[in-house]
Amino acid sequence: MNRKLHHRGPDDEGYFLWNSAQRIFCHGDISTVSAKNSQPHIRTSAERASTLGFAHTRFSIIDLTDAGHQPFASDDGSVVLVFNGEIYNYRELRAELEAKGFTFRSNTDTEVLLNAYIAWGTECFARFNGMWAVAIFDEAKRKVLFSRDRIGKKQIYYYRSGRAFYFASEIAALFAVPEIWESRAIEESAIFPYLLLGVRNDVDGSLFKNVRLFPAAHFAWLDLSGNLDLQRYWSIPTVKRLKATEVSIGAATEKLGELLRDSVRLRLRADVPIAAELSSGVDSAAILASASSLLREKNDSHAINAYTIKYADPRFDESVEAKAVADHLGITHRTVLQESQNYWDSAEELIGLQQQPYESPNLISSFSMWKAMRDSKVRVSLSGGGADEIFAGYTQSYLGPYFYQLIAEGKLRLALTEVARWNYPLTALRNAMTHACADRSKLATQLMLSRNLRSLEGVLRTDLSSNGALSQIAGDRMKGNLDAALRRSFTRFPVPMYVCHNDKQQMHVPIEVRYPFLDHRIIEFGFSLPIEYLVHNGFSKYVLRQSVKDALPPGVTARRTKTGFPVPLRKWMDAGKITMAEQFGKRQRSGRFVDGPRLLRDFDTIDEMTLWRCHQVELWMTAFDLA
């Protein structure tokens, strides 16, 4: 299992084996076992005699010495953990713990996490600012404590069989267990929602039957009988938003600026070089501006460089605008050219890394950028991801719910004023009416499905119009006001999806990507603001634009268009037509879900996202020998 994760942690390897009579720790290859509180045992007998086993591969970011080796144990060996991620506020927590009498033998956030658990128990998770997937064995309790960070940036996949419980950062590691590999099967009810709508269960499930995903913002005790007791420790705020009379736009702008700056400050902590991802938008530019300002103030010798994906097609290219931001900030800017062949050269590798079909074609572009960073010795990158889902950045997703909410709250004059200020008022009004209908009838669901039905009738082997699961998912994505839409973005789609599939690509490079906007303090603050501060005066993300307008070129904060990191997908799919003809011909694996001959016949009329998703399912079934 651990060998399957070596790409995620190339710097170190360790093991811990336990039963009621012995504790065995191994630093390095498990065949060279050393013991603590016991005599050495050879590998086979030690594993066979153990009730519990932990394994870990390390990617060193903080305290690069051997002091950060995992599995990490308390001084007396009675508490042992394996931990993936970063606790950004570890220095502040360490100071608290030292004041309580704790001593430290390393400078790692890992040891802070362990001592925080010893000091505060499960209440420690509410104190952490960071991303984590952790398993802690408490020998006195004879239990293992699992936890994932609030947003789920780090994953724990697990499989249960009787009293046996297996867990890992990736599904591929679980498949190293013969029993799990031999019993692998498709979660068939999840296939058509993915093929039609791009929806995948990244909350608590997977596309493999019986392979589950431990939910974000939860912890759970696992006892030696295999009982798992899940408990939530954090939620997206549910309190009513403040009114504009209760907080001024000036105060909101100032507070957001303070929170963002502090979030970036914490995420600049590393003992390795750091870079930043930069597009033409305000989100990544805001992160870069804060980072460069903080580094200059500290006279930090670690200069931060910016990286941008470049496309030959100017409709998708953002490199010119990104360079203008970098030049304004005095930052070195590098571009990474992405072409159609990059996808087809990497398609099989990517599905093997993801281990499930994934939703966003732009992941291949990010993959190329992260590799370019690695080649320049960068190990940490800052991303602007998350701002759109907090501050209503995607107009196609959030304008309709916004106008519907204004109308439902009786703010008709404000709604009409805002509609008039958008470049596409008829589209905005149509979206608002669609969302209004969605709360009262099945009309919006049918409208959403019908957009795909015309090109997919007969290609996907299901009755799309009567598929209950599809109708429910489509309806759920259309219903509700802006609060409901933003909440769904964090609890269902797209945030759980993109943090999961991004992590697998990032850690294969490997590179650690940090998301300052996904700091829980910014999320909580964003969900407290009046909706008029999110969409205002014809602009989305208004309060964010205001908070960074003095640090960025005027063109950035005044830009209304939201590209959403697009890729020339139609061109990519057309470039691979011959390859797809081979894959969906006689050797097709996905025939019970996709009519291959029909897909090839209608190739030019099927939308590119559907072609992409069908190709993903075919690649996935082939890679994992699924029928």
# chains A, B, ... in the order shown; residues from 1 in each chain; ligands from 1
$ select_by_dssp --residues "region 79-117 of chain A" --states "helix (DSSP H, G or I)" --output "list in words"
Tyr90, Arg91, Glu92, Leu93, Arg94, Ala95, Glu96, Leu97, Glu98, Ala99, Asp109, Thr110, Glu111, Val112, Leu113, Leu114, Asn115, Ala116 and Tyr117 of chain A
$ residues_around --residues "Asp63 (chain A)" --least-positions-apart "2" --cutoff "8 Å" --atoms "only C-alpha atoms" --output "list in words"
Ser60, Ile61, Thr65, Ala67, Gly68, Ser106, Asn107, Thr108 and Asp271 of chain A
$ write_last_selection --atoms "C-alpha atoms" --output "compact mmCIF listing (two decimals), in the first residue's frame"
# COMPACT_ATOMS: atom_id res chain seq x y z
CA SER A 60 9.09 17.56 3.36
CA ILE A 61 7.89 21.17 3.56
CA THR A 65 15.33 17.05 8.98
CA ALA A 67 12.91 14.97 13.16
CA GLY A 68 9.79 15.14 11.00
CA SER A 106 11.28 19.02 16.30
CA ASN A 107 10.17 22.19 14.51
CA THR A 108 7.34 20.43 12.68
CA ASP A 271 11.28 25.84 4.41
$ closest_residue --among "A:His508, A:Arg150, A:Lys100, A:Arg296" --to "Arg521 (chain A)" --atoms "only C-alpha atoms"
A:Arg150
$ closest_residue --among "A:Lys153, A:Lys310, A:Arg160, A:Arg421" --to "Arg514 (chain A)" --atoms "only C-alpha atoms"
A:Lys153
$ closest_residue --among "A:Gly352, A:Gly121, A:Gly53, A:Gly162" --to "Leu17 (chain A)" --atoms "only C-alpha atoms"
A:Gly53
$ atom_distance --atom1 "CA of Thr395 (chain A)" --atom2 "CA of Ser284 (chain A)"
17.8 Å
